[in-house]
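Participant: Hey, dropping protein_21.cif in here, mmCIF, C-alpha atoms and all ligand atoms:
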data_entry
loop_
_atom_site.label_atom_id
_atom_site.label_comp_id
_atom_site.auth_asym_id
_atom_site.auth_seq_id
_atom_site.Cartn_x
_atom_site.Cartn_y
_atom_site.Cartn_z
CA MET R 2 126.55 94.43 110.97
CA GLU R 3 124.58 97.23 109.33
CA SER R 4 123.81 100.56 110.93
CA GLU R 5 121.10 103.10 110.38
CA ARG R 6 122.09 106.75 110.70
CA VAL R 7 119.91 108.43 113.29
CA LYS R 8 120.81 110.37 116.42
CA TYR R 9 122.11 107.17 117.90
CA PRO R 10 122.95 104.55 115.31
CA ILE R 11 121.00 101.33 115.64
CA SER R 12 123.07 98.26 114.91
CA ARG R 13 121.61 94.95 113.91
CA SER R 14 123.35 91.66 114.40
CA TYR R 15 120.77 88.94 114.63
CA ILE R 16 121.40 85.77 116.56
CA ARG R 17 120.86 82.42 114.91
CA THR R 18 117.54 80.66 115.38
CA GLY R 19 117.18 78.27 118.27
CA ASN R 20 115.66 78.39 121.75
CA SER R 21 116.26 82.14 122.00
CA ARG R 22 114.96 83.01 118.55
CA SER R 23 112.10 80.96 117.16
CA GLY R 24 111.65 83.02 114.01
CA ARG R 25 107.93 83.23 114.75
CA LYS R 26 106.38 86.51 113.55
CA LEU R 27 105.33 89.09 116.11
CA GLY R 28 101.74 90.36 115.89
CA THR R 29 100.89 94.04 116.09
CA VAL R 30 103.19 95.76 118.56
CA LEU R 31 100.94 96.88 121.40
CA PHE R 32 103.59 97.84 123.94
CA ILE R 33 107.25 97.91 124.94
CA VAL R 34 108.61 96.00 127.93
CA SER R 35 111.56 97.74 129.57
CA HIS R 36 114.20 95.55 131.18
CA ASP R 37 117.70 95.66 132.51
CA THR R 38 120.01 92.70 132.09
CA GLY R 39 120.34 92.07 135.83
CA ASN R 40 123.93 91.20 135.03
CA PRO R 41 126.04 94.26 135.85
CA GLY R 42 129.01 95.01 133.64
CA THR R 43 127.97 92.91 130.65
CA SER R 44 127.94 94.78 127.34
CA ALA R 45 125.38 94.59 124.55
CA SER R 46 127.62 92.46 122.38
CA GLN R 47 128.50 90.13 125.26
CA ASN R 48 124.78 89.59 125.82
CA ARG R 49 124.29 89.01 122.12
CA ASN R 50 127.02 86.39 122.06
CA TYR R 51 125.58 84.70 125.10
CA PHE R 52 122.14 84.34 123.51
CA ASN R 53 123.59 83.38 120.16
CA ASN R 54 125.83 80.68 121.58
CA GLN R 55 124.01 79.40 124.66
CA GLN R 56 120.48 79.71 123.24
CA PRO R 57 118.63 79.80 126.59
CA SER R 58 114.82 79.78 126.33
CA ALA R 59 114.82 83.52 126.88
CA SER R 60 115.85 86.58 124.91
CA ALA R 61 115.02 90.19 124.13
CA HIS R 62 115.00 92.19 120.93
CA THR R 63 117.48 94.89 121.81
CA PHE R 64 120.43 95.39 124.16
CA ILE R 65 121.73 98.87 124.89
CA ASP R 66 125.00 99.86 126.51
CA ASP R 67 127.02 103.08 126.55
CA LYS R 68 128.24 102.63 122.98
CA THR R 69 125.68 100.58 121.11
CA ILE R 70 122.01 100.04 120.49
CA LEU R 71 122.07 96.46 119.30
CA GLU R 72 119.04 94.67 117.89
CA ILE R 73 119.68 90.94 118.14
CA ILE R 74 116.22 89.75 117.09
CA PRO R 75 114.31 91.39 114.22
CA LEU R 76 111.52 93.63 115.52
CA ASP R 77 108.94 91.69 113.54
CA GLU R 78 109.80 88.45 115.32
CA VAL R 79 108.89 87.19 118.78
CA ALA R 80 111.46 87.35 121.58
CA PHE R 81 111.05 85.60 124.95
CA HIS R 82 111.53 88.32 127.54
CA VAL R 83 108.50 87.84 129.79
CA GLN R 84 107.37 84.58 131.30
CA TYR R 85 104.22 83.14 129.74
CA GLY R 86 101.32 82.62 132.11
CA ILE R 87 101.64 85.75 134.21
CA THR R 88 98.34 87.62 134.11
CA GLU R 89 99.18 91.30 134.15
CA ASP R 90 100.04 91.51 130.44
CA ASN R 91 96.73 89.91 129.47
CA ARG R 92 94.82 92.09 131.88
CA ARG R 93 96.36 95.26 130.48
CA TYR R 94 96.76 94.50 126.81
CA GLY R 95 94.77 91.35 126.12
CA ALA R 96 97.86 89.51 124.93
CA ASN R 97 100.90 87.67 126.20
CA ALA R 98 103.79 90.11 126.28
CA ASN R 99 106.03 88.00 124.06
CA ASP R 100 103.39 87.95 121.34
CA ALA R 101 102.68 91.67 121.27
CA SER R 102 105.66 93.63 122.56
CA ILE R 103 109.25 94.61 121.98
CA GLY R 104 111.68 93.75 124.79
CA VAL R 105 114.46 96.26 125.45
CA GLU R 106 117.37 95.58 127.82
CA LEU R 107 119.58 98.15 129.54
CA CYS R 108 123.18 97.12 130.13
CA TYR R 109 124.63 98.83 133.21
CA GLY R 110 127.21 98.56 135.93
CA GLY R 111 130.88 97.65 135.79
CA SER R 112 132.71 99.90 133.35
CA ILE R 113 129.54 100.89 131.45
CA ASN R 114 128.96 104.66 131.53
CA PHE R 115 125.42 104.80 132.88
CA GLN R 116 124.49 108.24 131.51
CA GLN R 117 125.55 107.22 128.01
CA ALA R 118 123.70 103.93 128.17
CA TYR R 119 120.60 105.45 129.76
CA SER R 120 120.40 108.26 127.17
CA ARG R 121 120.42 105.66 124.40
CA TYR R 122 117.83 103.59 126.24
CA VAL R 123 115.50 106.60 126.60
CA TRP R 124 116.06 107.62 122.99
CA TYR R 125 115.38 104.11 121.71
CA HIS R 126 112.10 103.91 123.62
CA ALA R 127 111.04 107.19 121.97
CA TYR R 128 112.12 105.82 118.61
CA LEU R 129 109.96 102.71 119.11
CA CYS R 130 106.99 104.82 120.24
CA SER R 131 107.31 106.90 117.10
CA ARG R 132 107.77 103.91 114.86
CA PHE R 133 104.88 101.87 116.27
CA GLY R 134 102.56 104.73 117.26
CA LEU R 135 102.72 103.99 120.99
CA ASN R 136 101.78 106.23 123.89
CA PRO R 137 104.62 106.26 126.46
CA ASP R 138 102.21 106.68 129.38
CA LYS R 139 100.22 103.60 128.52
CA GLN R 140 102.32 101.48 126.25
CA ILE R 141 105.70 101.28 127.94
CA ILE R 142 105.75 98.95 130.88
CA GLY R 143 108.49 97.83 133.23
CA HIS R 144 109.14 94.13 133.59
CA TYR R 145 108.68 94.59 137.36
CA THR R 146 105.08 95.72 136.79
CA LEU R 147 104.25 92.71 134.63
CA ASP R 148 105.89 90.15 136.87
CA PRO R 149 106.20 91.71 140.33
CA ALA R 150 106.66 88.37 142.07
CA ARG R 151 109.87 87.61 140.20
CA ARG R 152 111.30 90.78 138.70
CA THR R 153 112.61 94.18 139.75
CA ASP R 154 113.94 95.42 136.42
CA PRO R 155 114.54 97.99 135.18
CA ILE R 156 113.87 100.08 138.31
CA ASN R 157 116.51 98.13 140.17
CA SER R 158 119.25 99.55 137.96
CA PHE R 159 117.51 102.95 137.62
CA SER R 160 117.38 103.36 141.39
CA GLN R 161 121.13 102.83 141.71
CA TYR R 162 121.48 106.05 139.72
CA GLY R 163 118.61 107.92 141.40
CA ILE R 164 116.11 107.62 138.55
CA SER R 165 112.44 106.76 139.04
CA TRP R 166 110.09 105.09 136.58
CA ALA R 167 108.06 108.32 136.29
CA GLN R 168 111.19 110.28 135.41
CA PHE R 169 112.07 107.73 132.78
CA ILE R 170 108.66 108.01 131.10
CA ARG R 171 108.85 111.82 131.22
CA SER R 172 112.23 111.70 129.50
CA VAL R 173 110.91 109.39 126.79
CA LYS R 174 108.01 111.77 126.15
CA GLN R 175 110.36 114.70 125.97
CA VAL R 176 112.61 113.00 123.41
CA LEU R 177 109.56 111.84 121.47
CA ALA R 178 108.28 115.40 121.24
CA GLU R 179 111.62 117.06 120.56
CA GLU R 180 113.23 114.62 118.19
CA PHE R 181 110.39 112.75 116.58
CA GLY R 182 108.02 115.72 116.34
CA ALA R 183 105.34 113.83 118.16
CA PRO R 184 103.16 115.19 120.81
CA ALA R 185 101.58 112.92 118.20
CA ALA R 186 101.32 109.49 119.74
CA ASP R 187 100.87 111.20 123.06
CA THR R 188 97.44 112.51 122.21
CA LEU R 189 96.04 109.48 120.42
CA PRO R 190 93.33 108.53 119.81
CA VAL R 191 92.05 111.32 117.60
CA ARG R 192 88.56 111.36 116.16
CA GLU R 193 86.00 113.50 114.39
CA GLY R 194 85.88 116.95 115.96
CA ASP R 195 89.61 117.03 116.83
CA SER R 196 92.00 119.43 115.19
CA GLY R 197 95.67 120.36 115.22
CA SER R 198 99.03 119.32 113.88
CA LEU R 199 98.54 115.64 114.67
CA VAL R 200 95.30 115.61 112.67
CA LYS R 201 97.13 117.35 109.86
CA SER R 202 99.91 114.75 109.74
CA ILE R 203 97.32 111.96 109.75
CA GLN R 204 95.57 113.65 106.84
CA GLN R 205 98.86 113.91 104.97
CA ASN R 206 99.42 110.20 105.46
CA LEU R 207 95.89 109.48 104.24
CA ILE R 208 96.57 111.54 101.12
CA THR R 209 99.77 109.57 100.56
CA ALA R 210 97.70 106.41 100.94
CA GLY R 211 95.57 107.59 98.02
CA PHE R 212 92.62 109.35 99.66
CA THR R 213 91.32 112.63 98.31
CA ILE R 214 90.92 114.88 101.32
CA SER R 215 92.49 118.17 102.30
CA ALA R 216 95.16 118.39 105.00
CA ASP R 217 93.57 121.27 106.87
CA GLY R 218 94.18 119.94 110.36
CA VAL R 219 90.46 119.58 111.07
CA PHE R 220 89.10 116.07 111.57
CA GLY R 221 85.78 116.39 109.75
CA PRO R 222 83.41 113.87 108.11
CA ALA R 223 85.61 113.47 105.00
CA THR R 224 88.64 112.57 107.11
CA GLU R 225 86.52 110.20 109.14
CA GLN R 226 85.32 108.49 105.95
CA ALA R 227 88.90 108.16 104.74
CA VAL R 228 90.05 106.71 108.07
CA ARG R 229 87.27 104.11 107.98
CA ALA R 230 88.13 103.13 104.42
CA PHE R 231 91.82 102.94 105.27
CA GLN R 232 91.09 100.76 108.30
CA GLN R 233 88.89 98.46 106.27
CA LYS R 234 91.53 98.10 103.59
CA ASN R 235 94.17 97.27 106.20
CA GLY R 236 92.22 94.75 108.23
CA LEU R 237 91.75 97.09 111.21
CA THR R 238 88.55 97.76 113.12
CA ALA R 239 86.77 100.32 110.93
CA ASP R 240 85.65 102.72 113.65
CA GLY R 241 86.91 105.95 112.09
CA ILE R 242 89.04 106.67 115.16
CA VAL R 243 92.82 106.90 114.87
CA GLY R 244 94.33 104.93 117.74
CA PRO R 245 97.85 103.48 118.00
CA GLN R 246 97.28 100.68 115.50
CA THR R 247 95.77 102.84 112.78
CA TYR R 248 98.37 105.52 113.43
CA SER R 249 101.14 102.99 113.10
CA ALA R 250 99.66 101.54 109.88
CA LEU R 251 99.40 105.05 108.43
CA ASN R 252 103.04 105.74 109.23
CA LYS R 253 104.43 102.66 107.58
CA PRO R 254 106.63 103.79 104.74
CA LYS R 255 104.93 103.00 101.48
CA GLN R 256 107.01 100.63 99.46
CA SER R 257 108.00 102.04 96.11
CA TYR R 258 108.63 100.13 92.92
CA PRO R 259 111.18 101.89 90.75
CA LEU R 260 111.28 100.66 87.17
CA PRO R 261 114.17 100.87 84.69
CA SER R 262 113.77 102.94 81.54
CA GLY R 263 115.49 100.73 78.94
CA VAL R 264 114.27 97.76 76.91
CA TYR R 265 114.55 94.31 78.51
CA ARG R 266 113.65 90.97 77.05
CA LEU R 267 114.22 87.23 77.39
CA GLY R 268 117.87 86.64 78.30
CA ALA R 269 118.42 90.00 80.01
CA SER R 270 119.71 90.01 83.58
CA GLY R 271 120.72 92.25 86.44
CA GLU R 272 119.27 94.70 88.94
CA PRO R 273 116.87 96.36 86.43
CA VAL R 274 115.32 92.95 85.76
CA LYS R 275 114.89 92.48 89.50
CA GLN R 276 113.01 95.77 89.64
CA ILE R 277 110.71 94.59 86.87
CA GLN R 278 110.17 91.28 88.66
CA ARG R 279 109.36 92.97 91.97
CA ALA R 280 106.79 95.18 90.27
CA LEU R 281 105.25 92.21 88.46
CA GLN R 282 105.01 90.33 91.72
CA LYS R 283 103.37 93.31 93.38
CA LEU R 284 100.85 93.31 90.53
CA GLY R 285 100.08 89.65 91.21
CA LEU R 286 101.63 88.39 87.98
CA LYS R 287 103.95 85.66 89.30
CA PRO R 288 107.27 86.41 87.56
CA GLY R 289 108.99 83.50 89.36
CA SER R 290 111.79 84.13 91.82
CA ILE R 291 113.22 87.64 92.04
CA ASP R 292 116.57 86.54 90.66
CA GLY R 293 117.32 89.23 88.09
CA GLU R 294 117.07 86.72 85.23
CA TYR R 295 114.59 87.60 82.50
CA GLY R 296 113.51 84.01 81.88
CA PRO R 297 110.37 82.49 80.33
CA GLN R 298 108.32 83.01 83.50
CA THR R 299 109.19 86.69 83.70
CA ALA R 300 108.44 87.11 79.99
CA ALA R 301 105.10 85.36 80.48
CA ALA R 302 104.25 87.68 83.37
CA VAL R 303 105.09 90.72 81.23
CA ARG R 304 102.94 89.34 78.42
CA LYS R 305 100.08 88.76 80.81
CA PHE R 306 100.36 92.35 82.00
CA GLN R 307 100.45 93.63 78.41
CA SER R 308 97.36 91.61 77.51
CA ARG R 309 95.37 93.79 79.91
CA TYR R 310 95.89 96.85 77.70
CA SER R 311 94.91 97.06 74.06
CA ALA R 312 97.55 99.75 73.50
CA LEU R 313 100.36 97.33 74.37
CA ALA R 314 101.70 94.60 72.11
CA ASP R 315 101.64 91.25 73.92
CA ASP R 316 105.26 90.48 73.09
CA GLY R 317 106.67 89.84 76.57
CA VAL R 318 109.28 92.55 75.98
CA TYR R 319 109.54 95.27 78.61
CA GLY R 320 109.98 98.76 77.14
CA PRO R 321 108.93 102.39 77.71
CA SER R 322 105.20 101.89 77.01
CA THR R 323 104.94 98.83 79.23
CA ARG R 324 106.87 100.76 81.86
CA SER R 325 104.45 103.67 81.90
CA TYR R 326 101.41 101.37 82.14
CA MET R 327 103.08 99.45 84.96
CA LEU R 328 103.87 102.63 86.84
CA SER R 329 100.25 103.72 86.77
CA ALA R 330 99.03 100.23 87.69
CA LEU R 331 101.32 100.36 90.74
CA LYS R 332 99.87 103.63 92.02
ZN ZN R 401 113.34 91.73 132.52
#
Output the file's structure in the form of structure tokens.
Facilitator:
Amino acid sequence: MESERVKYPISRSYIRTGNSRSGRKLGTVLFIVSHDTGNPGTSASQNRNYFNNQQPSASAHTFIDDKTILEIIPLDEVAFHVQYGITEDNRRYGANANDASIGVELCYGGSINFQQAYSRYVWYHAYLCSRFGLNPDKQIIGHYTLDPARRTDPINSFSQYGISWAQFIRSVKQVLAEEFGAPAADTLPVREGDSGSLVKSIQQNLITAGFTISADGVFGPATEQAVRAFQQKNGLTADGIVGPQTYSALNKPKQSYPLPSGVYRLGASGEPVKQIQRALQKLGLKPGSIDGEYGPQTAAAVRKFQSRYSALADDGVYGPSTRSYMLSALK
């Protein structure tokens, strides 16, 4: 089980594939569905074990109790937390919930300390809003709202502790603003004519993405041009307006490709060779599997790269000159 160090650590222990986890990839995350387990006193890990072992045709991405935030299905895979065929999700978001949302479950009751569990639950919703560029007012929805005929969660558990849905959303917005520095997602979309710190952070992300604009906090024609170009490049609707999807795409950490500084050739192996292979793959040069073995295929890929530059000898040996050309090609 690995953990990520944030205010509340997020643990990941994925269940095996089966009825509960198909492995199918989730599309763009358009919203979060908030649940409670409806099974008082069961902990996050007990729920995980249940889904892992029993594999019912249902699941959720994340279970939260008073000690743990536990992701049991990767956030880029589909979980089955809302019944297909209800209409409210399509009416609101144009998609079935399971195909476009993250399902989050609150564990409560029994010996679970509600305040501790609820604080984590609120925090995790803010974390997801920040990560996926979601607006808490519009893009967090209770299961009871999607499927009112069958479900009462999570307000059923909230109400036992005197908390309303509106209070919950207010708390998420507060945490989002205070801890993730984001009145950000709250005021999306932004467009030409807008200004402020959100515009500035969008401009900074555009600069990181390679656009030449200034981060002056004013959404002018140059920023609009850059947004359109960014959207086009990323398969988004090129309308020049930064909504949740564009915002989320802009906030994706850019993958970096570190490269070793020594000389590597046929027969070399290890982590530095893996780095070279990853970079070659990124450059579309088919180095074979990323196995850390500098074999004939990797050498051929290096040679192919070298053949693009007259200053490089086409010898299939990776060294300082090849490295510097690769680094600039990766920019
Ligand atoms: Zn539910």
Participant: Please, which residues are within 10 Å of (115.6, 92.4, 139.0) by the file's coordinates, counting all atoms listed in the file, and could they come as a PDB file with C-alpha atoms, in the coordinates of the input?
Facilitator:
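As a result, part.pdb now contains:
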ATOM      1  CA  HIS R  36     114.200  95.550 131.180  1.00  0.00           C
ATOM      2  CA  ASP R  37     117.700  95.660 132.510  1.00  0.00           C
ATOM      3  CA  THR R  38     120.010  92.700 132.090  1.00  0.00           C
ATOM      4  CA  GLY R  39     120.340  92.070 135.830  1.00  0.00           C
ATOM      5  CA  ASN R  40     123.930  91.200 135.030  1.00  0.00           C
ATOM      6  CA  HIS R 144     109.140  94.130 133.590  1.00  0.00           C
ATOM      7  CA  TYR R 145     108.680  94.590 137.360  1.00  0.00           C
ATOM      8  CA  PRO R 149     106.200  91.710 140.330  1.00  0.00           C
ATOM      9  CA  ARG R 151     109.870  87.610 140.200  1.00  0.00           C
ATOM     10  CA  ARG R 152     111.300  90.780 138.700  1.00  0.00           C
ATOM     11  CA  THR R 153     112.610  94.180 139.750  1.00  0.00           C
ATOM     12  CA  ASP R 154     113.940  95.420 136.420  1.00  0.00           C
ATOM     13  CA  PRO R 155     114.540  97.990 135.180  1.00  0.00           C
ATOM     14  CA  ILE R 156     113.870 100.080 138.310  1.00  0.00           C
ATOM     15  CA  ASN R 157     116.510  98.130 140.170  1.00  0.00           C
ATOM     16  CA  SER R 158     119.250  99.550 137.960  1.00  0.00           C
TER      17      SER R 158
END
Participant: So how many Å separate CA of Leu71 in chain R and CA of Ile87 in chain R, to one decimal?
Facilitator: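 Computed distance, CA of Leu71 in chain R to CA of Ile87 in chain R, equals 27.5 Å.
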Participant: Could you work out how far CA of Val30 in chain R lies from CA of Ala101 in chain R, giving the answer in Å with one decimal?
Facilitator: 4.9 Å
Participant: Counting all atoms listed in the file, which residue out of R:Asp77, R:Ser14, R:Val105, R:Thr63 sits closest to ligand ZN 401 (chain R)?
Facilitator: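 Checking each candidate against ligand ZN 401 (chain R), we get R:Val105 as the closest.
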Participant: Taking (100.1, 102.4, 107.7) as a centre in this file's frame and 9 Å as the limit, can you find every polymer residue with an atom that close, using all atoms listed in the file, and give them as a list of chain:residue names?
Facilitator: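 Output of the proximity query reads R:Asn206, R:Leu207, R:Ala210, R:Phe231, R:Asn235, R:Gln246, R:Thr247, R:Tyr248, R:Ser249, R:Ala250, R:Leu251, R:Asn252, R:Lys253, R:Pro254, R:Lys255.
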Participant: Taking into account all atoms listed in the file, which residue in the set R:Trp124, R:Tyr319, R:Phe64, R:Phe212 is nearest to ligand ZN 401 (chain R)?
Facilitator: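 Nearest to ligand ZN 401 (chain R): R:Phe64.
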Participant: My list of candidates is R:Phe133, R:Thr88, R:Val303, R:Gly163. Which is closest to Gly320 in chain R when distances are computed with only C-alpha atoms?
Facilitator: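 Closest candidate: R:Val303.
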Participant: Find, counting all atoms listed in the file, the residue in R:Pro288, R:Gly19, R:Gly182, R:Gly296 that gets nearest to Tyr265 in chain R.
Facilitator: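 With all atoms listed in the file as the atom set, the closest residue is R:Gly296.
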Participant: Between CA of Thr43 in chain R and CA of Glu89 in chain R, measure the distance and give it in Å to one decimal.
Facilitator: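 Here the two named atoms are 29.0 Å from each other.
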Participant: Using all atoms listed in the file, which of R:Gln116, R:Gln84, R:Ser165, R:Gln276 sits nearest ligand ZN 401 (chain R)?
Facilitator: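 Of R:Gln116, R:Gln84, R:Ser165, R:Gln276, the one nearest ligand ZN 401 (chain R) is R:Gln84, counting all atoms listed in the file.
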Participant: Applying 12 Å and all atoms listed in the file, which residues near Pro259 in chain R remain after dropping the ones on its own chain fewer than 6 positions away? List them as a PDB file with C-alpha atoms, in the frame of the given file.
Facilitator:
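New file selection29.pdb:
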ATOM      1  CA  GLU R 272     119.270  94.700  88.940  1.00  0.00           C
ATOM      2  CA  PRO R 273     116.870  96.360  86.430  1.00  0.00           C
ATOM      3  CA  VAL R 274     115.320  92.950  85.760  1.00  0.00           C
ATOM      4  CA  LYS R 275     114.890  92.480  89.500  1.00  0.00           C
ATOM      5  CA  GLN R 276     113.010  95.770  89.640  1.00  0.00           C
ATOM      6  CA  ILE R 277     110.710  94.590  86.870  1.00  0.00           C
ATOM      7  CA  GLN R 278     110.170  91.280  88.660  1.00  0.00           C
ATOM      8  CA  ARG R 279     109.360  92.970  91.970  1.00  0.00           C
ATOM      9  CA  ALA R 280     106.790  95.180  90.270  1.00  0.00           C
ATOM     10  CA  LEU R 281     105.250  92.210  88.460  1.00  0.00           C
ATOM     11  CA  LYS R 283     103.370  93.310  93.380  1.00  0.00           C
ATOM     12  CA  ARG R 324     106.870 100.760  81.860  1.00  0.00           C
ATOM     13  CA  SER R 325     104.450 103.670  81.900  1.00  0.00           C
ATOM     14  CA  MET R 327     103.080  99.450  84.960  1.00  0.00           C
ATOM     15  CA  LEU R 328     103.870 102.630  86.840  1.00  0.00           C
ATOM     16  CA  SER R 329     100.250 103.720  86.770  1.00  0.00           C
ATOM     17  CA  LEU R 331     101.320 100.360  90.740  1.00  0.00           C
ATOM     18  CA  LYS R 332      99.870 103.630  92.020  1.00  0.00           C
TER      19      LYS R 332
END
Participant: What's around Phe306 in chain R at 9 Å? Count all atoms listed in the file, leave out sequence neighbours fewer than 2 positions away in its own chain, and write the answer as a list of chain:residue names.
Facilitator: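 Counting all atoms listed in the file, the residues come to R:Leu281, R:Leu284, R:Leu286, R:Ala301, R:Ala302, R:Val303, R:Arg304, R:Ser308, R:Arg309, R:Tyr310, R:Asp315, R:Gly317, R:Thr323, R:Met327.
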Participant: Using only C-alpha atoms, pick whichever of R:Asp100, R:Glu78, R:Glu180, R:Asp148 has the shortest atom-to-atom distance to Ala127 in chain R.
Facilitator: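 The answer is R:Glu180, which sits nearest to Ala127 in chain R.
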Participant: Take every atom of range 158-168 of chain R listed in the file, fit an axis-aligned box around them, add 8 Å per side, and give the centre and edge lengths in Å to one decimal as AutoDock Vina command-line options.
Facilitator:
--center_x 114.8 --center_y 104.9 --center_z 138.6 --size_x 29.4 --size_y 26.7 --size_z 22.3
Participant: What lies within 10 Å of Ser112 in chain R using only C-alpha atoms, ignoring chain neighbours under 6 positions off, as a list in words?
Facilitator: Pro41, Gly42, Thr43, Ser44 and Asp67 of chain R
Participant: Any chance you can output those residues with C-alpha atoms as a tab-separated table (two decimals), in the frame of the given file?
Facilitator:
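Saved as part-v8.tsv:
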chain	number	residue	atom	x	y	z
R	41	PRO	CA	126.04	94.26	135.85
R	42	GLY	CA	129.01	95.01	133.64
R	43	THR	CA	127.97	92.91	130.65
R	44	SER	CA	127.94	94.78	127.34
R	67	ASP	CA	127.02	103.08	126.55
Participant: Kindly complete range 140-146 of chain R to all heavy atoms; the output should be written as a CSV table (one decimal), keeping the file's coordinate frame.
Facilitator:
chain,number,residue,atom,x,y,z
R,140,GLN,N,101.8,102.6,127.0
R,140,GLN,CA,102.3,101.5,126.2
R,140,GLN,C,103.8,101.2,126.4
R,140,GLN,O,104.4,100.5,125.6
R,140,GLN,CB,101.9,101.7,124.8
R,140,GLN,CG,100.4,101.6,124.6
R,140,GLN,CD,100.0,102.0,123.2
R,140,GLN,OE1,100.0,103.2,122.9
R,140,GLN,NE2,99.5,101.1,122.4
R,141,ILE,N,104.4,101.7,127.5
R,141,ILE,CA,105.7,101.3,127.9
R,141,ILE,C,105.5,100.7,129.3
R,141,ILE,O,104.9,101.4,130.2
R,141,ILE,CB,106.7,102.4,128.0
R,141,ILE,CG1,106.9,103.0,126.6
R,141,ILE,CG2,108.0,101.9,128.5
R,141,ILE,CD1,107.9,104.2,126.6
R,142,ILE,N,106.0,99.5,129.6
R,142,ILE,CA,105.8,99.0,130.9
R,142,ILE,C,107.0,98.3,131.4
R,142,ILE,O,107.8,97.7,130.6
R,142,ILE,CB,104.6,98.0,130.8
R,142,ILE,CG1,104.2,97.5,132.2
R,142,ILE,CG2,104.9,96.8,130.0
R,142,ILE,CD1,102.8,97.0,132.3
R,143,GLY,N,107.3,98.4,132.7
R,143,GLY,CA,108.5,97.8,133.2
R,143,GLY,C,108.2,96.4,133.5
R,143,GLY,O,107.1,96.0,133.8
R,144,HIS,N,109.3,95.6,133.3
R,144,HIS,CA,109.1,94.1,133.6
R,144,HIS,C,108.6,93.9,135.0
R,144,HIS,O,107.8,93.0,135.3
R,144,HIS,CB,110.5,93.5,133.4
R,144,HIS,CG,110.4,92.0,133.3
R,144,HIS,ND1,111.5,91.2,133.2
R,144,HIS,CD2,109.4,91.1,133.2
R,144,HIS,CE1,111.2,89.9,133.1
R,144,HIS,NE2,109.9,89.8,133.1
R,145,TYR,N,109.1,94.7,135.9
R,145,TYR,CA,108.7,94.6,137.4
R,145,TYR,C,107.2,94.8,137.6
R,145,TYR,O,106.6,94.2,138.5
R,145,TYR,CB,109.4,95.6,138.2
R,145,TYR,CG,109.0,97.0,138.1
R,145,TYR,CD1,108.1,97.6,139.1
R,145,TYR,CD2,109.3,97.8,137.0
R,145,TYR,CE1,107.7,98.9,138.9
R,145,TYR,CE2,108.9,99.1,136.9
R,145,TYR,CZ,108.1,99.7,137.8
R,145,TYR,OH,107.6,100.9,137.7
R,146,THR,N,106.5,95.5,136.7
R,146,THR,CA,105.1,95.7,136.8
R,146,THR,C,104.3,94.5,136.3
R,146,THR,O,103.3,94.1,136.8
R,146,THR,CB,104.6,97.0,136.0
R,146,THR,OG1,105.4,98.1,136.5
R,146,THR,CG2,103.2,97.3,136.2
